[in-house]
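One file, data-v2.txt, is given below (compact mmCIF, C-alpha atoms).
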# COMPACT_ATOMS: atom_id res chain seq x y z
CA MET W 1 252.35 89.76 256.70
CA HIS W 2 254.32 92.89 255.87
CA ARG W 3 254.95 96.23 257.45
CA GLY W 4 252.72 99.09 256.35
CA PHE W 5 254.12 102.28 254.92
CA THR W 6 253.00 105.27 252.91
CA LEU W 7 254.39 106.02 249.48
CA TRP W 8 253.51 109.64 248.64
CA PHE W 9 253.75 110.61 244.96
CA THR W 10 253.88 114.36 244.37
CA GLY W 11 254.33 116.27 241.12
CA MET W 12 252.49 118.46 238.68
CA SER W 13 249.38 117.42 236.78
CA GLY W 14 250.26 114.96 234.03
CA ALA W 15 253.72 114.15 235.40
CA GLY W 16 252.95 110.43 235.63
CA LYS W 17 252.08 109.90 239.30
CA SER W 18 249.08 107.65 238.60
CA THR W 19 250.79 105.71 235.80
CA ILE W 20 253.87 104.93 237.87
CA SER W 21 251.88 104.14 241.01
CA LYS W 22 249.66 101.65 239.08
CA LEU W 23 252.74 99.76 237.89
CA LEU W 24 254.13 99.71 241.41
CA VAL W 25 250.81 98.44 242.79
CA GLU W 26 250.91 95.54 240.30
CA ARG W 27 254.41 94.63 241.42
CA LEU W 28 253.48 94.78 245.11
CA ARG W 29 250.31 92.74 244.62
CA GLN W 30 252.26 90.08 242.72
CA ARG W 31 254.13 89.66 246.01
CA ASN W 32 250.86 89.37 247.98
CA ALA W 33 251.14 92.80 249.56
CA LYS W 34 248.07 94.59 250.88
CA VAL W 35 248.00 97.84 248.90
CA GLU W 36 245.52 100.70 248.62
CA VAL W 37 245.82 103.66 246.27
CA LEU W 38 244.47 107.11 247.00
CA ASP W 39 244.55 108.82 243.62
CA GLY W 40 244.05 112.57 243.79
CA ASP W 41 241.32 112.65 241.14
CA VAL W 42 239.33 109.83 242.79
CA VAL W 43 239.72 111.34 246.27
CA ARG W 44 238.45 114.69 244.98
CA THR W 45 235.17 113.13 243.85
CA ASN W 46 234.63 111.11 247.04
CA LEU W 47 236.52 111.91 250.24
CA SER W 48 237.07 115.59 249.41
CA LYS W 49 233.93 116.36 247.45
CA GLY W 50 232.97 120.01 247.86
CA LEU W 51 236.48 121.31 248.42
CA GLY W 52 237.69 124.01 246.07
CA PHE W 53 241.15 124.76 244.72
CA GLY W 54 242.23 127.58 247.01
CA LYS W 55 245.20 126.95 249.30
CA GLU W 56 243.11 126.13 252.39
CA ASP W 57 240.99 123.59 250.52
CA ARG W 58 244.02 122.04 248.82
CA ASP W 59 245.72 121.69 252.21
CA GLU W 60 242.58 120.11 253.69
CA ASN W 61 242.44 117.65 250.79
CA ILE W 62 246.05 116.59 251.47
CA ARG W 63 245.39 116.28 255.21
CA ARG W 64 242.43 113.98 254.48
CA ILE W 65 244.50 111.81 252.16
CA GLY W 66 247.26 111.77 254.78
CA PHE W 67 244.83 110.71 257.51
CA VAL W 68 243.63 107.74 255.46
CA CYS W 69 247.24 106.80 254.60
CA GLN W 70 248.12 106.95 258.29
CA LEU W 71 245.23 104.61 259.19
CA LEU W 72 246.09 102.17 256.44
CA SER W 73 249.84 102.04 257.00
CA ARG W 74 249.62 101.63 260.77
CA ASN W 75 247.40 98.60 260.09
CA GLY W 76 249.91 96.86 257.84
CA VAL W 77 248.68 98.17 254.49
CA ILE W 78 250.90 99.85 251.93
CA ALA W 79 249.16 103.17 251.23
CA ILE W 80 250.00 104.88 247.96
CA ALA W 81 248.95 108.49 247.56
CA ALA W 82 249.17 109.94 244.06
CA ALA W 83 248.19 113.59 244.41
CA ILE W 84 249.68 116.84 243.15
CA SER W 85 249.97 118.07 246.76
CA PRO W 86 251.50 121.38 245.70
CA TYR W 87 252.43 122.85 249.07
CA ARG W 88 255.56 121.69 250.85
CA ALA W 89 254.41 122.62 254.39
CA VAL W 90 251.32 120.41 254.36
CA ARG W 91 253.29 117.51 252.84
CA GLU W 92 255.77 117.87 255.71
CA GLU W 93 252.87 117.99 258.18
CA VAL W 94 251.55 114.71 256.80
CA ARG W 95 255.06 113.19 256.82
CA ALA W 96 255.42 114.03 260.52
CA ARG W 97 252.24 112.08 261.36
CA ILE W 98 253.05 108.92 259.39
CA GLU W 99 255.67 106.38 260.34
CA ASN W 100 257.50 104.97 257.30
CA PHE W 101 256.61 107.85 254.96
CA VAL W 102 258.37 107.75 251.59
CA GLU W 103 258.06 110.78 249.32
CA VAL W 104 258.44 110.28 245.57
CA TYR W 105 258.85 113.42 243.50
CA VAL W 106 257.70 112.85 239.92
CA GLU W 107 259.57 115.58 238.12
CA CYS W 108 258.72 116.71 234.60
CA PRO W 109 259.39 120.01 232.80
CA LEU W 110 256.41 122.26 232.10
CA GLU W 111 257.05 122.09 228.31
CA VAL W 112 256.73 118.30 228.38
CA LEU W 113 253.61 118.45 230.55
CA ALA W 114 252.03 120.90 228.09
CA GLU W 115 252.92 118.58 225.15
CA ARG W 116 251.40 115.54 226.90
CA ASP W 117 248.26 117.43 227.91
CA VAL W 118 245.50 115.29 226.39
CA LYS W 119 242.75 117.22 228.24
CA GLY W 120 244.06 120.63 227.15
CA LEU W 121 244.29 121.85 230.74
CA TYR W 122 247.72 123.47 230.42
CA ARG W 123 246.72 125.23 227.21
CA ARG W 124 243.59 126.58 228.91
CA ALA W 125 245.50 127.52 232.08
CA LEU W 126 248.18 129.35 230.09
CA ALA W 127 245.39 131.22 228.29
CA GLY W 128 243.99 132.29 231.68
CA GLU W 129 240.84 130.19 231.34
CA ILE W 130 241.52 128.03 234.43
CA PRO W 131 242.20 129.98 237.62
CA GLN W 132 244.38 128.51 240.38
CA PHE W 133 246.08 125.95 238.12
CA THR W 134 249.10 124.42 239.83
CA GLY W 135 252.37 125.40 238.19
CA ILE W 136 250.79 128.15 236.09
CA SER W 137 248.74 130.57 238.20
CA ASP W 138 249.22 128.71 241.51
CA PRO W 139 252.55 127.54 242.90
CA TYR W 140 253.98 124.05 242.98
CA GLU W 141 256.65 123.68 245.65
CA PRO W 142 258.93 120.73 244.84
CA PRO W 143 260.06 118.67 247.82
CA LEU W 144 263.44 119.57 249.26
CA HIS W 145 264.46 116.08 250.40
CA PRO W 146 262.31 113.39 248.81
CA GLU W 147 263.42 109.79 249.30
CA VAL W 148 263.10 109.24 245.53
CA VAL W 149 263.15 111.54 242.49
CA VAL W 150 262.00 110.18 239.16
CA ASN W 151 261.86 112.18 235.96
CA SER W 152 259.07 111.07 233.66
CA SER W 153 260.48 113.04 230.74
CA ARG W 154 263.72 111.04 230.81
CA GLU W 155 262.62 107.68 232.24
CA THR W 156 260.01 105.14 231.25
CA PRO W 157 257.41 104.36 233.91
CA GLU W 158 259.12 100.97 234.33
CA GLN W 159 262.49 102.63 234.99
CA SER W 160 260.85 104.90 237.55
CA VAL W 161 259.34 101.86 239.30
CA GLU W 162 262.80 100.26 239.45
CA LYS W 163 264.22 103.40 241.11
CA ILE W 164 261.38 103.47 243.63
CA TRP W 165 261.72 99.74 244.34
CA ALA W 166 265.46 100.15 244.95
CA ALA W 167 264.72 102.93 247.46
CA LEU W 168 262.12 100.78 249.22
CA GLU W 169 264.66 97.94 249.46
CA ARG W 170 267.27 100.35 250.82
CA LEU W 171 264.75 101.49 253.45
CA SER W 172 263.93 97.82 254.25
CA LEU W 173 260.27 98.35 253.38
CA VAL W 174 260.24 95.64 250.71
CA GLY W 175 262.39 92.60 250.17
CA HIS W 176 264.60 92.04 247.17
CA ALA W 177 262.89 91.81 243.77
CA SER W 178 262.51 88.04 244.04
CA ALA W 179 261.15 88.16 247.60
CA CYS W 180 257.90 89.25 249.20
CA PRO W 181 257.55 92.61 250.94
CA ALA W 182 259.53 92.84 254.14
CA SER W 183 257.96 91.33 257.21
CA PRO W 184 257.81 93.18 260.54
CA ALA W 185 260.83 91.15 261.68
CA HIS W 186 263.11 92.79 259.10

Written as structure tokens, that's how I'd like the structure from this file.
Amino acid sequence: MHRGFTLWFTGMSGAGKSTISKLLVERLRQRNAKVEVLDGDVVRTNLSKGLGFGKEDRDENIRRIGFVCQLLSRNGVIAIAAAISPYRAVREEVRARIENFVEVYVECPLEVLAERDVKGLYRRALAGEIPQFTGISDPYEPPLHPEVVVNSSRETPEQSVEKIWAALERLSLVGHASACPASPAH
């Protein structure tokens, strides 16, 4: 048995939130941890179907993800949210409701995001074809005090996972690399 917590990945589209979180999930599951991932794209098509991309709908989407993370983590599950979550205030609102909330900022310069853009979304957004695109025509507010900052333009996903794992160890949310996740007694 281990203690539940929420690991909240925030960053712009294409920064590497899903890639890094998948590697972290593998590592946690190898240690028999109960883990659930709420990926922003998957949540949008299920839990938040029908919401648009205006600020109110984006905030509601994040509140819904946060509610599920809160339920999971208070029941001993490690909840991993990988969602752009562009607005600082609603991320802080979610943080305030969840015990053991760990924010991971996946930083990446816009130029690199545009280069990586396999779907052509940044190109289309820069051309004005996609309204309300985070970081282009809509704001992205980076966290002021995240527990972990990784930079996917300078680190491999594996290096980012190592940084996150070290932070989780420091916070006593997981055991050392050779051990299982921390038990409630830790």

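Put simply, CA of Ala114 in chain W is 25.2 Å away from CA of Ile164 in chain W.
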
How would you write as a PDB file with C-alpha atoms, in the frame of the given file the residues that get within 8 Å of (257.1, 105.1, 247.1) in the file's frame, counting all atoms listed in the file?
ATOM      1  CA  THR W   6     253.000 105.270 252.910  1.00  0.00           C
ATOM      2  CA  LEU W   7     254.390 106.020 249.480  1.00  0.00           C
ATOM      3  CA  TRP W   8     253.510 109.640 248.640  1.00  0.00           C
ATOM      4  CA  PHE W   9     253.750 110.610 244.960  1.00  0.00           C
ATOM      5  CA  ILE W  80     250.000 104.880 247.960  1.00  0.00           C
ATOM      6  CA  VAL W 102     258.370 107.750 251.590  1.00  0.00           C
ATOM      7  CA  GLU W 103     258.060 110.780 249.320  1.00  0.00           C
ATOM      8  CA  VAL W 104     258.440 110.280 245.570  1.00  0.00           C
ATOM      9  CA  VAL W 148     263.100 109.240 245.530  1.00  0.00           C
ATOM     10  CA  ILE W 164     261.380 103.470 243.630  1.00  0.00           C
ATOM     11  CA  TRP W 165     261.720  99.740 244.340  1.00  0.00           C
ATOM     12  CA  ALA W 167     264.720 102.930 247.460  1.00  0.00           C
ATOM     13  CA  LEU W 168     262.120 100.780 249.220  1.00  0.00           C
TER      14      LEU W 168
END

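Using all atoms listed in the file, the contacts of range 49-64 of chain W at a cut-off of 10 Å, with sequence neighbours closer than 6 positions omitted, comprise Gly40, Val42, Val43, Gln70, Ala81, Ala83, Ile84, Ser85, Pro86, Tyr87, Arg88, Ala89, Val90, Arg91, Glu93, Val94, Pro131, Gln132, Phe133, Thr134, Asp138 and Pro139 of chain W.
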
Coordinates-based distance that separates CA of Ser48 in chain W from CA of Val150 in chain W (Å, one decimal): 27.5 Å

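For the pair CA of Pro142 in chain W and CA of Pro109 in chain W, the interatomic distance is 12.1 Å.
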
What are the nearest atom pairs, with distances in Å to one decimal, for all residues of range 16-53 of chain W that come at most 12 Å from range 152-162 of chain W, using all atoms listed in the file, set out by chain and rising residue number as a tab-separated table?
residue	atom	partner	partner_atom	distance
W:Gly16	CA	W:Ser152	CA	6.5
W:Lys17	CA	W:Ser152	CA	9.1
W:Ser18	CA	W:Pro157	CA	10.1
W:Thr19	CA	W:Pro157	CA	7.0
W:Ile20	CA	W:Pro157	CA	5.3
W:Ser21	CA	W:Val161	CA	8.0
W:Lys22	CA	W:Val161	CA	9.7
W:Leu23	CA	W:Val161	CA	7.1
W:Leu24	CA	W:Val161	CA	6.0
W:Val25	CA	W:Val161	CA	9.8
W:Glu26	CA	W:Val161	CA	10.6
W:Arg27	CA	W:Val161	CA	9.0
W:Leu28	CA	W:Val161	CA	10.9

For the residues in the current selection, export C-alpha atoms as a compact mmCIF listing (two decimals), keeping the file's coordinate frame.
# COMPACT_ATOMS: atom_id res chain seq x y z
CA GLY W 16 252.95 110.43 235.63
CA LYS W 17 252.08 109.90 239.30
CA SER W 18 249.08 107.65 238.60
CA THR W 19 250.79 105.71 235.80
CA ILE W 20 253.87 104.93 237.87
CA SER W 21 251.88 104.14 241.01
CA LYS W 22 249.66 101.65 239.08
CA LEU W 23 252.74 99.76 237.89
CA LEU W 24 254.13 99.71 241.41
CA VAL W 25 250.81 98.44 242.79
CA GLU W 26 250.91 95.54 240.30
CA ARG W 27 254.41 94.63 241.42
CA LEU W 28 253.48 94.78 245.11

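Comparing W:Leu47, W:Asp39, W:Ile98, W:Thr10 by their smallest distance to Gly66 in chain W, the closest is W:Ile98 (using all atoms listed in the file).
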
Residue neighbourhood Gly4 in chain W, 12 Å, only C-alpha atoms, exclusion window fewer than 3 positions, as a CSV table (one decimal) with C-alpha atoms, in the frame of the given file:
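That gives us out.csv:
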chain,number,residue,atom,x,y,z
W,1,MET,CA,252.4,89.8,256.7
W,7,LEU,CA,254.4,106.0,249.5
W,33,ALA,CA,251.1,92.8,249.6
W,34,LYS,CA,248.1,94.6,250.9
W,35,VAL,CA,248.0,97.8,248.9
W,36,GLU,CA,245.5,100.7,248.6
W,69,CYS,CA,247.2,106.8,254.6
W,70,GLN,CA,248.1,107.0,258.3
W,71,LEU,CA,245.2,104.6,259.2
W,72,LEU,CA,246.1,102.2,256.4
W,73,SER,CA,249.8,102.0,257.0
W,74,ARG,CA,249.6,101.6,260.8
W,75,ASN,CA,247.4,98.6,260.1
W,76,GLY,CA,249.9,96.9,257.8
W,77,VAL,CA,248.7,98.2,254.5
W,78,ILE,CA,250.9,99.8,251.9
W,79,ALA,CA,249.2,103.2,251.2
W,80,ILE,CA,250.0,104.9,248.0
W,98,ILE,CA,253.0,108.9,259.4
W,99,GLU,CA,255.7,106.4,260.3
W,100,ASN,CA,257.5,105.0,257.3
W,101,PHE,CA,256.6,107.8,255.0
W,102,VAL,CA,258.4,107.8,251.6
W,168,LEU,CA,262.1,100.8,249.2
W,172,SER,CA,263.9,97.8,254.2
W,173,LEU,CA,260.3,98.4,253.4
W,174,VAL,CA,260.2,95.6,250.7
W,181,PRO,CA,257.6,92.6,250.9
W,182,ALA,CA,259.5,92.8,254.1
W,183,SER,CA,258.0,91.3,257.2
W,184,PRO,CA,257.8,93.2,260.5

All file atoms of range 77-89 of chain W boxed axis-aligned, 5 Å per side, centre plus edges, as AutoDock Vina command-line options:
--center_x 251.9 --center_y 110.5 --center_z 248.8 --size_x 17.4 --size_y 34.7 --size_z 21.3

Incomplete range 30-51 of chain W brought to N, CA, C and O atoms, written out as a CSV table (one decimal), keeping the file's coordinate frame:
chain,number,residue,atom,x,y,z
W,30,GLN,N,251.7,91.4,243.2
W,30,GLN,CA,252.3,90.1,242.7
W,30,GLN,C,253.0,89.4,243.9
W,30,GLN,O,253.2,88.2,243.9
W,31,ARG,N,253.4,90.2,244.8
W,31,ARG,CA,254.1,89.7,246.0
W,31,ARG,C,253.2,89.6,247.2
W,31,ARG,O,253.7,89.5,248.4
W,32,ASN,N,251.9,89.6,247.0
W,32,ASN,CA,250.9,89.4,248.0
W,32,ASN,C,250.8,90.5,249.0
W,32,ASN,O,250.4,90.3,250.2
W,33,ALA,N,251.2,91.7,248.6
W,33,ALA,CA,251.1,92.8,249.6
W,33,ALA,C,249.7,93.4,249.6
W,33,ALA,O,249.0,93.3,248.6
W,34,LYS,N,249.3,93.9,250.7
W,34,LYS,CA,248.1,94.6,250.9
W,34,LYS,C,248.4,96.0,250.5
W,34,LYS,O,249.2,96.7,251.1
W,35,VAL,N,247.7,96.5,249.4
W,35,VAL,CA,248.0,97.8,248.9
W,35,VAL,C,246.7,98.6,248.6
W,35,VAL,O,245.8,98.0,248.1
W,36,GLU,N,246.6,99.8,249.0
W,36,GLU,CA,245.5,100.7,248.6
W,36,GLU,C,246.1,102.0,248.0
W,36,GLU,O,247.1,102.5,248.5
W,37,VAL,N,245.4,102.4,247.0
W,37,VAL,CA,245.8,103.7,246.3
W,37,VAL,C,244.8,104.8,246.5
W,37,VAL,O,243.6,104.5,246.4
W,38,LEU,N,245.3,105.9,246.9
W,38,LEU,CA,244.5,107.1,247.0
W,38,LEU,C,244.9,108.0,245.9
W,38,LEU,O,245.9,108.8,246.0
W,39,ASP,N,244.2,108.0,244.8
W,39,ASP,CA,244.6,108.8,243.6
W,39,ASP,C,243.8,110.2,243.8
W,39,ASP,O,242.7,110.2,244.1
W,40,GLY,N,244.6,111.2,243.6
W,40,GLY,CA,244.0,112.6,243.8
W,40,GLY,C,242.7,112.8,243.1
W,40,GLY,O,241.8,113.4,243.7
W,41,ASP,N,242.6,112.4,241.9
W,41,ASP,CA,241.3,112.6,241.1
W,41,ASP,C,240.2,111.9,241.8
W,41,ASP,O,239.0,112.4,241.9
W,42,VAL,N,240.4,110.7,242.2
W,42,VAL,CA,239.3,109.8,242.8
W,42,VAL,C,239.0,110.4,244.2
W,42,VAL,O,237.8,110.5,244.5
W,43,VAL,N,240.0,110.8,244.9
W,43,VAL,CA,239.7,111.3,246.3
W,43,VAL,C,238.9,112.6,246.2
W,43,VAL,O,238.0,112.8,246.9
W,44,ARG,N,239.2,113.4,245.2
W,44,ARG,CA,238.4,114.7,245.0
W,44,ARG,C,237.0,114.5,244.8
W,44,ARG,O,236.2,115.3,245.2
W,45,THR,N,236.6,113.4,244.1
W,45,THR,CA,235.2,113.1,243.8
W,45,THR,C,234.5,112.4,245.0
W,45,THR,O,233.3,112.2,244.9
W,46,ASN,N,235.2,111.9,246.0
W,46,ASN,CA,234.6,111.1,247.0
W,46,ASN,C,234.9,111.7,248.4
W,46,ASN,O,234.1,112.4,249.0
W,47,LEU,N,236.1,111.5,248.9
W,47,LEU,CA,236.5,111.9,250.2
W,47,LEU,C,236.6,113.4,250.4
W,47,LEU,O,236.3,114.0,251.4
W,48,SER,N,236.9,114.1,249.3
W,48,SER,CA,237.1,115.6,249.4
W,48,SER,C,236.1,116.3,248.5
W,48,SER,O,236.3,117.5,248.1
W,49,LYS,N,235.0,115.7,248.3
W,49,LYS,CA,233.9,116.4,247.4
W,49,LYS,C,233.5,117.7,248.1
W,49,LYS,O,233.4,117.7,249.3
W,50,GLY,N,233.4,118.7,247.3
W,50,GLY,CA,233.0,120.0,247.9
W,50,GLY,C,234.1,121.0,248.2
W,50,GLY,O,233.9,122.1,248.3
W,51,LEU,N,235.3,120.4,248.2
W,51,LEU,CA,236.5,121.3,248.4
W,51,LEU,C,236.8,122.0,247.1
W,51,LEU,O,236.8,121.4,246.0
